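J.: For reference, the file coords12.cif (mmCIF, C-alpha atoms and all ligand atoms) is included below:
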```cif
data_model
#
loop_
_atom_site.label_atom_id
_atom_site.label_comp_id
_atom_site.auth_asym_id
_atom_site.auth_seq_id
_atom_site.Cartn_x
_atom_site.Cartn_y
_atom_site.Cartn_z
CA MET A 1 11.30 -19.12 -1.75
CA SER A 2 8.32 -20.60 -3.58
CA ASP A 3 7.60 -19.31 -7.08
CA PRO A 4 4.27 -17.49 -7.36
CA PRO A 5 1.94 -18.25 -10.27
CA SER A 6 2.95 -16.35 -13.37
CA VAL A 7 0.87 -13.40 -14.51
CA PRO A 8 0.10 -12.66 -18.16
CA ALA A 9 2.56 -10.36 -19.89
CA ALA A 10 1.79 -6.65 -19.77
CA GLU A 11 -0.39 -5.29 -22.53
CA THR A 12 -1.40 -1.89 -23.75
CA THR A 13 -5.10 -2.50 -24.43
CA ALA A 14 -8.03 -3.52 -22.27
CA SER A 15 -8.35 -7.24 -21.70
CA THR A 16 -11.32 -9.17 -23.08
CA SER A 17 -14.49 -8.90 -21.03
CA THR A 18 -15.50 -11.96 -19.09
CA ASN A 19 -18.63 -10.45 -17.52
CA ALA A 20 -18.25 -13.15 -14.91
CA PRO A 21 -15.91 -13.93 -12.08
CA ALA A 22 -12.49 -14.88 -13.39
CA PRO A 23 -11.79 -18.61 -13.68
CA GLY A 24 -10.69 -20.04 -10.38
CA VAL A 25 -12.59 -17.48 -8.27
CA THR A 26 -13.71 -19.40 -5.21
CA ASN A 27 -15.45 -16.71 -3.16
CA PRO A 28 -19.21 -16.87 -3.86
CA ASN A 29 -19.63 -13.38 -2.39
CA ILE A 30 -17.79 -11.76 -5.27
CA LEU A 31 -20.19 -10.22 -7.76
CA PRO A 32 -19.41 -10.49 -11.48
CA ALA A 33 -18.04 -7.41 -13.20
CA SER A 34 -21.25 -7.15 -15.26
CA HIS A 35 -23.26 -6.58 -12.07
CA TRP A 36 -22.09 -2.96 -11.84
CA ALA A 37 -23.44 -2.06 -15.25
CA THR A 38 -26.91 -3.29 -14.35
CA ILE A 39 -27.59 -1.30 -11.17
CA PRO A 40 -28.46 2.39 -11.12
CA HIS A 41 -26.66 4.85 -8.87
CA THR A 42 -29.03 5.10 -5.91
CA GLU A 43 -26.71 5.93 -3.05
CA ASP A 44 -26.95 9.26 -1.21
CA THR A 45 -24.44 11.93 -2.08
CA ASP A 46 -22.69 14.23 0.31
CA ASP A 47 -22.52 17.41 -1.68
CA GLU A 48 -22.01 19.57 1.39
CA ASP A 49 -18.33 18.91 1.53
CA SER A 50 -17.66 19.02 -2.19
CA SER A 51 -15.29 21.93 -1.57
CA TYR A 52 -12.91 19.74 0.37
CA GLU A 53 -10.52 19.50 -2.54
CA ASP A 54 -9.42 22.99 -1.55
CA ASP A 55 -7.92 21.40 1.54
CA ASN A 56 -5.76 19.10 -0.48
CA ALA A 57 -2.39 20.04 0.94
CA SER A 58 -0.51 17.12 -0.56
CA SER A 59 2.87 17.59 -2.08
CA THR A 60 3.68 15.76 -5.24
CA ALA A 61 7.20 14.46 -5.21
CA SER A 62 6.90 12.44 -8.35
CA LEU A 63 9.37 11.77 -11.08
CA THR A 64 9.13 9.74 -14.22
CA SER A 65 12.21 9.35 -16.30
CA SER A 66 11.89 8.96 -20.05
CA ILE A 67 15.05 6.92 -20.18
CA LEU A 68 13.46 4.12 -18.18
CA GLU A 69 11.23 1.62 -19.87
CA TYR A 70 8.14 1.04 -17.80
CA ARG A 71 5.47 -1.55 -18.43
CA THR A 72 2.14 -0.14 -19.61
CA VAL A 73 -1.16 -1.75 -18.66
CA ASN A 74 -4.38 -0.08 -19.76
CA GLY A 75 -2.67 3.28 -19.99
CA ARG A 76 -0.95 3.13 -16.59
CA THR A 77 2.79 2.61 -16.10
CA TYR A 78 4.47 0.11 -13.77
CA HIS A 79 8.06 -0.70 -12.89
CA SER A 80 10.04 -2.42 -15.63
CA GLU A 81 10.43 -6.18 -15.50
CA ARG A 82 13.10 -7.00 -12.97
CA GLY A 83 13.70 -10.28 -11.18
CA ASN A 84 10.67 -11.73 -9.49
CA ALA A 85 8.98 -8.42 -8.67
CA GLN A 86 5.40 -7.81 -9.75
CA SER A 87 4.31 -4.51 -8.27
CA TRP A 88 0.62 -3.77 -8.78
CA ASN A 89 1.03 -0.06 -7.94
CA PRO A 90 1.30 2.28 -10.92
CA ASN A 91 4.44 4.46 -10.72
CA ASP A 92 2.93 7.43 -12.55
CA ALA A 93 2.29 10.93 -11.17
CA LEU A 94 -1.41 10.33 -10.51
CA HIS A 95 -0.79 7.34 -8.26
CA ASP A 96 2.27 8.92 -6.66
CA GLU A 97 0.03 11.76 -5.54
CA SER A 98 -2.39 9.30 -3.91
CA MET A 99 0.51 7.68 -2.07
CA ASP A 100 1.76 11.06 -0.85
CA ILE A 101 -1.72 11.92 0.47
CA LEU A 102 -1.78 8.54 2.26
CA HIS A 103 1.52 9.46 3.90
CA HIS A 104 -0.23 12.54 5.30
CA VAL A 105 -3.12 10.33 6.49
CA SER A 106 -0.64 8.01 8.19
CA THR A 107 1.08 10.94 9.93
CA LEU A 108 -2.24 12.35 11.16
CA MET A 109 -3.20 8.90 12.47
CA GLN A 110 0.06 8.62 14.37
CA ARG A 111 -0.52 12.00 16.05
CA GLY A 112 2.06 13.75 13.87
CA LYS A 113 4.73 11.05 14.14
CA ILE A 114 6.13 9.27 11.09
CA TYR A 115 7.59 6.44 13.16
CA LEU A 116 6.61 4.75 16.43
CA ALA A 117 9.75 2.72 17.24
CA PRO A 118 11.68 3.97 20.30
CA ILE A 119 14.71 5.07 18.28
CA LYS A 120 17.19 7.53 19.75
CA ASP A 121 18.42 10.85 18.30
CA ASP A 122 21.80 9.26 17.51
CA VAL A 123 20.29 6.62 15.16
CA GLN A 124 22.88 6.08 12.42
CA LYS A 125 21.79 3.79 9.58
CA VAL A 126 18.17 3.58 8.48
CA LEU A 127 16.53 1.64 5.64
CA ASP A 128 13.07 2.20 4.13
CA VAL A 129 11.93 -0.95 2.30
CA GLY A 130 9.70 -0.36 -0.76
CA CYS A 131 10.00 3.42 -0.31
CA GLY A 132 7.66 4.38 -3.19
CA THR A 133 7.78 8.15 -3.85
CA GLY A 134 10.35 8.41 -1.06
CA ILE A 135 8.19 10.77 0.97
CA TRP A 136 8.65 8.90 4.27
CA ALA A 137 12.43 8.58 3.78
CA ILE A 138 12.72 12.30 2.89
CA ASP A 139 10.81 13.33 6.01
CA PHE A 140 12.84 10.94 8.15
CA ALA A 141 16.18 12.16 6.74
CA ASP A 142 15.12 15.76 7.48
CA LEU A 143 14.22 14.82 11.06
CA PHE A 144 17.53 13.00 11.65
CA PRO A 145 20.17 14.96 9.67
CA SER A 146 23.03 12.99 11.21
CA ALA A 147 21.55 9.63 10.17
CA GLU A 148 22.41 7.91 6.89
CA VAL A 149 19.07 6.97 5.29
CA VAL A 150 18.57 4.57 2.36
CA GLY A 151 15.29 4.09 0.47
CA VAL A 152 14.98 1.03 -1.76
CA ASP A 153 12.27 0.32 -4.32
CA ILE A 154 11.81 -1.73 -7.48
CA SER A 155 10.71 1.46 -9.22
CA PRO A 156 12.88 4.60 -9.63
CA GLN A 157 10.02 7.02 -8.95
CA GLN A 158 11.74 9.16 -6.33
CA PRO A 159 12.66 12.84 -6.72
CA GLN A 160 16.23 14.02 -7.28
CA TRP A 161 16.19 16.96 -4.85
CA ILE A 162 16.58 15.14 -1.57
CA PRO A 163 18.30 15.68 1.78
CA PRO A 164 22.09 15.10 1.59
CA ASN A 165 21.88 12.25 4.12
CA LEU A 166 19.46 10.23 1.94
CA LYS A 167 20.03 8.01 -1.07
CA PHE A 168 17.65 5.94 -3.14
CA GLU A 169 18.44 2.53 -4.63
CA VAL A 170 16.54 0.46 -7.18
CA ASP A 171 16.32 -3.18 -6.21
CA ASP A 172 13.94 -6.10 -5.78
CA VAL A 173 13.62 -6.74 -2.05
CA THR A 174 12.23 -10.23 -2.65
CA GLN A 175 15.69 -11.32 -3.86
CA PRO A 176 18.48 -12.24 -1.42
CA TRP A 177 19.77 -9.00 0.14
CA THR A 178 23.29 -7.71 -0.41
CA TYR A 179 23.37 -5.18 2.47
CA GLU A 180 26.06 -5.85 5.04
CA ARG A 181 24.77 -8.07 7.85
CA ASN A 182 24.18 -6.40 11.27
CA SER A 183 24.58 -2.94 9.75
CA PHE A 184 21.28 -1.00 10.16
CA ASP A 185 19.88 0.50 13.38
CA TYR A 186 16.32 0.81 12.15
CA ILE A 187 14.39 -0.69 9.22
CA HIS A 188 11.01 0.71 8.21
CA LEU A 189 8.48 -0.94 5.89
CA ARG A 190 5.03 0.38 5.00
CA TRP A 191 2.26 -0.89 2.70
CA LEU A 192 3.81 -3.73 0.70
CA THR A 193 0.64 -5.81 0.90
CA GLY A 194 0.03 -7.67 -2.38
CA SER A 195 3.71 -7.37 -3.35
CA ILE A 196 5.53 -10.03 -1.34
CA PRO A 197 5.35 -13.76 -2.18
CA ASP A 198 7.20 -14.92 0.95
CA TRP A 199 7.03 -12.63 3.99
CA ASP A 200 9.03 -15.06 6.16
CA ALA A 201 11.96 -14.82 3.74
CA LEU A 202 11.77 -11.01 3.70
CA TYR A 203 11.62 -10.82 7.49
CA ARG A 204 14.67 -13.11 7.71
CA GLU A 205 16.63 -10.70 5.50
CA ILE A 206 15.51 -7.74 7.61
CA PHE A 207 16.50 -9.54 10.82
CA ALA A 208 19.94 -10.43 9.46
CA THR A 209 20.54 -6.87 8.20
CA LEU A 210 19.67 -5.15 11.50
CA LYS A 211 22.28 -4.60 14.18
CA PRO A 212 21.60 -6.47 17.43
CA GLY A 213 19.30 -4.19 19.43
CA GLY A 214 17.98 -2.59 16.21
CA TYR A 215 14.29 -2.01 15.48
CA PHE A 216 12.03 -3.11 12.63
CA GLU A 217 8.72 -1.28 12.16
CA HIS A 218 6.11 -2.63 9.75
CA LYS A 219 2.85 -0.83 9.03
CA GLU A 220 0.27 -2.53 6.86
CA SER A 221 -3.34 -1.87 5.75
CA ALA A 222 -6.13 -4.42 5.56
CA CYS A 223 -7.78 -4.69 2.17
CA MET A 224 -11.26 -5.26 3.65
CA LEU A 225 -13.29 -2.05 3.91
CA VAL A 226 -15.70 -2.49 6.81
CA SER A 227 -18.03 -0.69 9.23
CA ASP A 228 -18.91 -1.31 12.86
CA ASP A 229 -22.56 -0.34 12.45
CA GLY A 230 -23.63 -2.39 9.42
CA THR A 231 -23.60 0.59 7.04
CA VAL A 232 -21.18 -1.16 4.65
CA ARG A 233 -23.74 -3.49 3.12
CA GLU A 234 -23.08 -6.91 1.63
CA GLY A 235 -22.79 -6.58 -2.14
CA SER A 236 -22.06 -2.83 -2.11
CA ALA A 237 -19.08 -1.52 -4.06
CA ILE A 238 -17.23 -0.76 -0.82
CA ASP A 239 -17.86 -4.32 0.39
CA GLN A 240 -16.62 -5.81 -2.88
CA TRP A 241 -13.27 -3.97 -2.84
CA GLY A 242 -11.62 -6.17 -0.22
CA LYS A 243 -13.28 -9.37 -1.36
CA VAL A 244 -11.95 -8.97 -4.90
CA PHE A 245 -8.49 -7.98 -3.66
CA THR A 246 -8.38 -10.98 -1.31
CA GLU A 247 -9.22 -13.33 -4.19
CA ALA A 248 -6.81 -11.57 -6.55
CA GLY A 249 -4.00 -11.90 -3.99
CA LYS A 250 -4.55 -15.67 -3.80
CA LYS A 251 -4.36 -16.00 -7.58
CA PHE A 252 -1.35 -13.65 -7.71
CA GLY A 253 0.59 -15.54 -5.02
CA ARG A 254 1.03 -12.31 -3.03
CA SER A 255 -1.45 -11.91 -0.20
CA PHE A 256 -3.52 -8.78 0.38
CA SER A 257 -4.65 -10.16 3.77
CA VAL A 258 -1.46 -9.46 5.74
CA VAL A 259 -3.43 -7.63 8.47
CA GLU A 260 -6.48 -9.90 8.35
CA ASP A 261 -4.27 -12.99 8.79
CA GLY A 262 -2.12 -11.50 11.58
CA LEU A 263 0.95 -12.18 9.47
CA GLN A 264 3.21 -9.45 10.89
CA VAL A 265 3.29 -10.79 14.46
CA GLU A 266 3.67 -14.40 13.29
CA ALA A 267 6.48 -13.64 10.86
CA MET A 268 8.34 -11.42 13.37
CA LYS A 269 8.30 -14.17 15.98
CA LYS A 270 9.49 -16.74 13.43
CA ALA A 271 12.36 -14.49 12.34
CA GLY A 272 13.53 -14.11 15.96
CA PHE A 273 12.31 -10.60 16.83
CA GLU A 274 11.11 -9.60 20.29
CA ILE A 275 7.81 -7.84 19.70
CA ILE A 276 7.79 -4.62 21.65
CA GLN A 277 4.69 -2.87 20.34
CA GLU A 278 1.57 -3.55 18.33
CA GLU A 279 -0.85 -0.79 17.41
CA ASN A 280 -4.20 -1.36 15.72
CA LEU A 281 -5.75 1.58 13.92
CA LYS A 282 -9.10 2.23 12.25
CA THR A 283 -8.65 4.46 9.22
CA PRO A 284 -11.96 6.18 8.34
CA LEU A 285 -12.91 6.60 4.69
CA GLY A 286 -14.78 9.89 4.46
CA PRO A 287 -15.56 12.66 6.96
CA TRP A 288 -18.20 10.67 8.86
CA PRO A 289 -16.51 10.51 12.33
CA ALA A 290 -17.64 13.07 14.90
CA ASP A 291 -14.12 13.70 16.19
CA GLU A 292 -12.46 16.59 14.31
CA ASN A 293 -9.07 14.87 13.84
CA GLU A 294 -10.74 11.67 12.64
CA LYS A 295 -12.89 13.72 10.27
CA GLN A 296 -9.76 15.25 8.71
CA ILE A 297 -8.21 11.81 8.39
CA GLY A 298 -11.35 10.54 6.68
CA LEU A 299 -11.37 13.43 4.22
CA TYR A 300 -7.74 12.98 3.17
CA ASN A 301 -8.10 9.23 3.07
CA ARG A 302 -11.12 9.44 0.78
CA LEU A 303 -9.31 11.96 -1.40
CA ALA A 304 -6.35 9.59 -1.79
CA ILE A 305 -8.59 6.75 -2.96
CA GLU A 306 -11.05 8.83 -5.00
CA GLN A 307 -8.51 10.65 -7.07
CA ASP A 308 -7.05 7.42 -8.43
CA VAL A 309 -9.52 4.56 -7.87
CA GLU A 310 -8.60 3.14 -11.27
CA GLY A 311 -4.90 3.18 -10.38
CA PHE A 312 -5.50 1.07 -7.30
CA LEU A 313 -7.56 -1.47 -9.26
CA MET A 314 -6.21 -1.58 -12.79
CA TYR A 315 -3.39 -4.11 -12.52
CA MET A 316 -4.98 -6.63 -10.16
CA TRP A 317 -8.53 -6.45 -11.43
CA THR A 318 -7.64 -6.64 -15.16
CA MET A 319 -4.44 -8.71 -15.30
CA VAL A 320 -5.33 -11.10 -12.49
CA MET A 321 -9.15 -11.06 -12.26
CA GLY A 322 -9.98 -10.55 -15.93
CA TRP A 323 -12.09 -7.38 -15.71
CA THR A 324 -12.00 -4.91 -18.59
CA LYS A 325 -10.97 -1.29 -18.21
CA GLU A 326 -14.58 -0.25 -18.89
CA GLU A 327 -15.92 -2.59 -16.18
CA ILE A 328 -13.51 -1.07 -13.70
CA GLN A 329 -14.65 2.43 -14.64
CA VAL A 330 -18.31 1.51 -14.01
CA TYR A 331 -17.42 -0.11 -10.67
CA ALA A 332 -15.30 2.94 -9.75
CA ALA A 333 -18.27 5.26 -10.37
CA HIS A 334 -20.37 3.23 -7.91
CA LEU A 335 -17.54 3.21 -5.39
CA ARG A 336 -17.07 6.99 -5.62
CA ARG A 337 -20.80 7.48 -5.09
CA GLU A 338 -20.78 5.28 -1.99
CA LEU A 339 -17.68 7.00 -0.61
CA ARG A 340 -19.62 10.28 -0.83
CA SER A 341 -22.52 8.96 1.24
CA PRO A 342 -22.63 10.35 4.78
CA ASN A 343 -24.66 7.28 5.73
CA ILE A 344 -21.85 4.80 5.11
CA HIS A 345 -19.30 4.68 7.93
CA ALA A 346 -16.51 2.74 6.27
CA TYR A 347 -12.97 2.29 7.51
CA TYR A 348 -10.10 -0.14 7.06
CA PRO A 349 -7.91 -1.55 9.82
CA GLN A 350 -4.18 -0.89 9.84
CA ARG A 351 -1.62 -2.55 12.06
CA VAL A 352 1.83 -1.35 13.11
CA VAL A 353 4.11 -3.97 14.62
CA ILE A 354 7.53 -3.09 16.01
CA GLY A 355 10.14 -5.76 16.66
CA ARG A 356 13.56 -5.58 18.24
CA LYS A 357 16.47 -7.79 17.28
CA PRO A 358 17.78 -9.25 20.55
CA GLU A 359 21.25 -8.06 21.65
CA ARG A 360 22.53 -11.63 21.63
CA SER A 361 21.50 -12.71 18.17
CA PRO A 362 23.28 -15.26 16.03
C1 LIG B 1 1.90 0.91 -1.90
S1 LIG B 1 3.49 1.46 -2.31
C2 LIG B 1 4.09 2.00 -0.72
C3 LIG B 1 5.22 2.97 -0.84
C4 LIG B 1 5.83 3.48 0.47
N1 LIG B 1 6.28 2.39 1.32
C5 LIG B 1 4.89 4.38 1.24
O1 LIG B 1 4.58 4.05 2.39
O2 LIG B 1 4.47 5.41 0.70
C6 LIG B 1 4.36 -0.07 -2.54
C7 LIG B 1 5.76 0.14 -3.08
O3 LIG B 1 6.45 -1.11 -3.02
C8 LIG B 1 7.27 -1.21 -4.16
N2 LIG B 1 7.59 -2.63 -4.41
C9 LIG B 1 6.72 -3.62 -4.74
N3 LIG B 1 7.38 -4.79 -4.89
C10 LIG B 1 8.68 -4.52 -4.64
C11 LIG B 1 9.86 -5.31 -4.64
N4 LIG B 1 9.81 -6.62 -4.94
N5 LIG B 1 11.04 -4.74 -4.34
C12 LIG B 1 11.11 -3.41 -4.05
N6 LIG B 1 10.02 -2.60 -4.03
C13 LIG B 1 8.82 -3.16 -4.33
C14 LIG B 1 6.45 -0.58 -5.25
O4 LIG B 1 7.24 -0.19 -6.35
C15 LIG B 1 5.80 0.59 -4.51
O5 LIG B 1 6.58 1.75 -4.63
#
```
Kindly return the structure encoded in the file as structure tokens.
T.:
Amino acid sequence: MSDPPSVPAAETTASTSTNAPAPGVTNPNILPASHWATIPHTEDTDDEDSSYEDDNASSTASLTSSILEYRTVNGRTYHSERGNAQSWNPNDALHDESMDILHHVSTLMQRGKIYLAPIKDDVQKVLDVGCGTGIWAIDFADLFPSAEVVGVDISPQQPQWIPPNLKFEVDDVTQPWTYERNSFDYIHLRWLTGSIPDWDALYREIFATLKPGGYFEHKESACMLVSDDGTVREGSAIDQWGKVFTEAGKKFGRSFSVVEDGLQVEAMKKAGFEIIQEENLKTPLGPWPADENEKQIGLYNRLAIEQDVEGFLMYMWTMVMGWTKEEIQVYAAHLRRELRSPNIHAYYPQRVVIGRKPERSP
């Protein structure tokens, strides 16, 4: 595995303002952080649905343990230093809640299903890689009470009250795996974009750990927020989101363009999987779609982002791109305003790829 560039040590105060793109930024379409302080808020607002928070049916399954030493960056906590892992997702309750809402969005998008692989009722051993709050693994363990389910994450942010057939483990999945070879029937991985320095190496471990005939399902989100009708304008806050994340991923040595670069299909083929299904989804941001189900998805999706914009940005945009906490807050205000506009029809692509390990595998 190649070593990614090192990132400055964690700090507890805002980093120094650059008011300019961070050194090494190569994308001329990225606006400097100072830009956001100079433009007034002129976007339309969508006050009509300001009551939608009442619909927030998310469950918060968060847990922070005082005995664990987390890293603190600009007031947000992250997993403690361990191995090579550099997770940019805060592991605090605010961000956990966003992730749990996104799980609901994902389920709505998959017509109520939390998995798409053709697994059978007698599935025995299941692994969820980078399980986060554990919400997917908990739901899966409830659905398959006779299966033995394991959730692994670098951060111990999972609840303690869990189904008896589920256990959580803390580990860095970018290190060589210690699970018994050919032992799992089904491995699930969702939303590790920006966290993995070498996807080929991770896919090789997954392949080796699956039983012959077992399934691997990987769902990933694009970082580019786009529209099909030109309503996401060049230079808007929504447009900048993906451009800054793409650049940050290059500097960080952990790509945010997994979907954009078609990495899942490539890496699955290289690892030896037979690809049995690929599903491409458009995930609306906001209640702009006409279709009722899509509208619901858009509402929950916007809620997930809006309620913790800073949490999504803080690590990558300060530690890697050199923005200050204050610059992020100004940008976030513009983003929130745009997300409230009924005239902006933004979405982001997601891709689910399912591979099967051939029966006759080495
Ligand atoms: C965006 S969250 C997704 C969580 C979960 N998969 C879901 O769908 O809700 C990414 C998760 O990956 C975990 N993670 C990042 N790098 C990791 C690593 N090297 N080893 C294990 N987990 C990691 C983070 O701690 C975080 O919980």
J.: Of the candidates A:Asn165, A:Asn29, A:Thr193, A:Asn74, which shows the shortest atom-to-atom distance to ligand LIG 1 (chain B), using all atoms listed in the file?
T.: A:Thr193
J.: Kindly work out which residues sit at most 8 Å from ligand LIG 1 (chain B), using only C-alpha atoms and all ligand atoms, and give the list as a short mmCIF file (atom, residue, chain, number, x, y, z; two decimals) with C-alpha atoms, in the coordinates of the input.
T.:
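Result went into result_13.cif, see below:
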```cif
data_model
loop_
_atom_site.label_atom_id
_atom_site.label_comp_id
_atom_site.auth_asym_id
_atom_site.auth_seq_id
_atom_site.Cartn_x
_atom_site.Cartn_y
_atom_site.Cartn_z
CA TYR A 78 4.47 0.11 -13.77
CA HIS A 79 8.06 -0.70 -12.89
CA ASN A 84 10.67 -11.73 -9.49
CA ALA A 85 8.98 -8.42 -8.67
CA GLN A 86 5.40 -7.81 -9.75
CA SER A 87 4.31 -4.51 -8.27
CA TRP A 88 0.62 -3.77 -8.78
CA ASN A 89 1.03 -0.06 -7.94
CA PRO A 90 1.30 2.28 -10.92
CA ASN A 91 4.44 4.46 -10.72
CA MET A 99 0.51 7.68 -2.07
CA ASP A 100 1.76 11.06 -0.85
CA LEU A 102 -1.78 8.54 2.26
CA HIS A 103 1.52 9.46 3.90
CA ASP A 128 13.07 2.20 4.13
CA VAL A 129 11.93 -0.95 2.30
CA GLY A 130 9.70 -0.36 -0.76
CA CYS A 131 10.00 3.42 -0.31
CA GLY A 132 7.66 4.38 -3.19
CA THR A 133 7.78 8.15 -3.85
CA GLY A 134 10.35 8.41 -1.06
CA ILE A 135 8.19 10.77 0.97
CA TRP A 136 8.65 8.90 4.27
CA VAL A 152 14.98 1.03 -1.76
CA ASP A 153 12.27 0.32 -4.32
CA ILE A 154 11.81 -1.73 -7.48
CA SER A 155 10.71 1.46 -9.22
CA GLN A 157 10.02 7.02 -8.95
CA VAL A 170 16.54 0.46 -7.18
CA ASP A 171 16.32 -3.18 -6.21
CA ASP A 172 13.94 -6.10 -5.78
CA VAL A 173 13.62 -6.74 -2.05
CA THR A 174 12.23 -10.23 -2.65
CA GLN A 175 15.69 -11.32 -3.86
CA LEU A 189 8.48 -0.94 5.89
CA ARG A 190 5.03 0.38 5.00
CA TRP A 191 2.26 -0.89 2.70
CA LEU A 192 3.81 -3.73 0.70
CA THR A 193 0.64 -5.81 0.90
CA SER A 195 3.71 -7.37 -3.35
CA ILE A 196 5.53 -10.03 -1.34
#
```
J.: Smallest atom-to-atom distance to Asp228 of chain A: which of A:Tyr300, A:Arg356, A:Tyr348, A:Ser34, using all atoms listed in the file?
T.: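 Once distances to Asp228 of chain A are computed over all atoms listed in the file, the minimum belongs to A:Tyr348.
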J.: Between A:Leu263, A:Ile305, A:Ala332, A:Ala346, single out the one closest to Pro289 of chain A, counting only C-alpha atoms.
T.: A:Ala346
J.: Do you have the atom CA of Ala248 of chain A-atom CA of Thr107 of chain A distance handy?
T.: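 Interatomic distance, atom CA of Ala248 of chain A to atom CA of Thr107 of chain A: 29.0 Å.
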J.: Using only C-alpha atoms, which of the listed residues (A:Trp323, A:Trp199, A:Tyr215, A:Tyr347) sits closest to Glu359 of chain A?
T.: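 That would be A:Tyr215, the residue with the smallest distance to Glu359 of chain A.
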J.: A:Gly151, A:Pro284, A:Arg336, A:Gly230: which is nearest Val309 of chain A, counting all atoms listed in the file?
T.: A:Arg336
J.: List the neighbours of segment 269-277 of chain A out to 9 Å using only C-alpha atoms; skip same-chain residues closer than 6 positions along the sequence, and give me the result as a JSON list (two decimals) with C-alpha atoms, in the coordinates of the input.
T.:
```
[["chain", "number", "residue", "atom", "x", "y", "z"],
["A", 116, "LEU", "CA", 6.61, 4.75, 16.43],
["A", 117, "ALA", "CA", 9.75, 2.72, 17.24],
["A", 200, "ASP", "CA", 9.03, -15.06, 6.16],
["A", 201, "ALA", "CA", 11.96, -14.82, 3.74],
["A", 203, "TYR", "CA", 11.62, -10.82, 7.49],
["A", 204, "ARG", "CA", 14.67, -13.11, 7.71],
["A", 205, "GLU", "CA", 16.63, -10.70, 5.50],
["A", 206, "ILE", "CA", 15.51, -7.74, 7.61],
["A", 207, "PHE", "CA", 16.50, -9.54, 10.82],
["A", 215, "TYR", "CA", 14.29, -2.01, 15.48],
["A", 216, "PHE", "CA", 12.03, -3.11, 12.63],
["A", 352, "VAL", "CA", 1.83, -1.35, 13.11],
["A", 353, "VAL", "CA", 4.11, -3.97, 14.62],
["A", 354, "ILE", "CA", 7.53, -3.09, 16.01],
["A", 355, "GLY", "CA", 10.14, -5.76, 16.66],
["A", 356, "ARG", "CA", 13.56, -5.58, 18.24],
["A", 357, "LYS", "CA", 16.47, -7.79, 17.28],
["A", 358, "PRO", "CA", 17.78, -9.25, 20.55],
["A", 361, "SER", "CA", 21.50, -12.71, 18.17]]
```
J.: So, with all atoms listed in the file as the atoms that count, which of A:Gly298, A:Gly311, A:Gly262, A:Gly242 lies closest to Arg351 of chain A?
T.: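 Smallest separation from Arg351 of chain A among the options: A:Gly262.
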J.: Which residues, written as a VMD selection string, have at least one atom at most 12 Å from Lys167 of chain A, with all atoms listed in the file counted and residues fewer than 2 positions away on the same chain left out?
T.: chain A and resid 125 to 128 131 134 137 to 138 141 147 to 153 156 158 to 165 169 to 170
J.: Counting all atoms listed in the file, which residues have an atom no more than 10 Å from (-1.2, -12.5, -3.2) in the file's coordinates? Please list them as a ChimeraX atom specification.
T.: /A:4-5,193-198,245-258,316
J.: For the atom pair atom CA of Glu279 of chain A and atom CA of Gln264 of chain A, what is the interatomic distance in Å to one decimal place?
T.: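 Going from atom CA of Glu279 of chain A over to atom CA of Gln264 of chain A, I get 11.6 Å.
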J.: Could you jot down the atom CA of Leu108 of chain A to atom CA of Glu260 of chain A separation for me, Å, one decimal place?
T.: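 One can read the atom CA of Leu108 of chain A to atom CA of Glu260 of chain A distance as 22.8 Å.
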J.: Missing atoms in segment 212-221 of chain A: can you complete it with N, CA and C atoms, as a PDB file, in the coordinates of the input?
T.:
```pdb
ATOM      1  N   PRO A 212      22.226  -6.023  16.183  1.00  0.00           N
ATOM      2  CA  PRO A 212      21.600  -6.470  17.430  1.00  0.00           C
ATOM      3  C   PRO A 212      21.099  -5.241  18.213  1.00  0.00           C
ATOM      4  N   GLY A 213      19.883  -5.326  18.724  1.00  0.00           N
ATOM      5  CA  GLY A 213      19.300  -4.190  19.430  1.00  0.00           C
ATOM      6  C   GLY A 213      18.550  -3.229  18.496  1.00  0.00           C
ATOM      7  N   GLY A 214      18.637  -3.468  17.185  1.00  0.00           N
ATOM      8  CA  GLY A 214      17.980  -2.590  16.210  1.00  0.00           C
ATOM      9  C   GLY A 214      16.479  -2.870  16.110  1.00  0.00           C
ATOM     10  N   TYR A 215      15.752  -1.905  15.552  1.00  0.00           N
ATOM     11  CA  TYR A 215      14.290  -2.010  15.480  1.00  0.00           C
ATOM     12  C   TYR A 215      13.806  -2.175  14.041  1.00  0.00           C
ATOM     13  N   PHE A 216      12.734  -2.963  13.903  1.00  0.00           N
ATOM     14  CA  PHE A 216      12.030  -3.110  12.630  1.00  0.00           C
ATOM     15  C   PHE A 216      10.580  -2.699  12.855  1.00  0.00           C
ATOM     16  N   GLU A 217      10.107  -1.768  12.029  1.00  0.00           N
ATOM     17  CA  GLU A 217       8.720  -1.280  12.160  1.00  0.00           C
ATOM     18  C   GLU A 217       7.984  -1.557  10.849  1.00  0.00           C
ATOM     19  N   HIS A 218       6.867  -2.262  10.943  1.00  0.00           N
ATOM     20  CA  HIS A 218       6.110  -2.630   9.750  1.00  0.00           C
ATOM     21  C   HIS A 218       4.658  -2.202   9.903  1.00  0.00           C
ATOM     22  N   LYS A 219       4.254  -1.291   9.026  1.00  0.00           N
ATOM     23  CA  LYS A 219       2.850  -0.830   9.030  1.00  0.00           C
ATOM     24  C   LYS A 219       2.150  -1.357   7.790  1.00  0.00           C
ATOM     25  N   GLU A 220       0.995  -1.949   7.987  1.00  0.00           N
ATOM     26  CA  GLU A 220       0.270  -2.530   6.860  1.00  0.00           C
ATOM     27  C   GLU A 220      -1.219  -2.204   6.950  1.00  0.00           C
ATOM     28  N   SER A 221      -1.891  -2.118   5.805  1.00  0.00           N
ATOM     29  CA  SER A 221      -3.340  -1.870   5.750  1.00  0.00           C
ATOM     30  C   SER A 221      -4.070  -3.146   5.383  1.00  0.00           C
TER      31      SER A 221
END
```
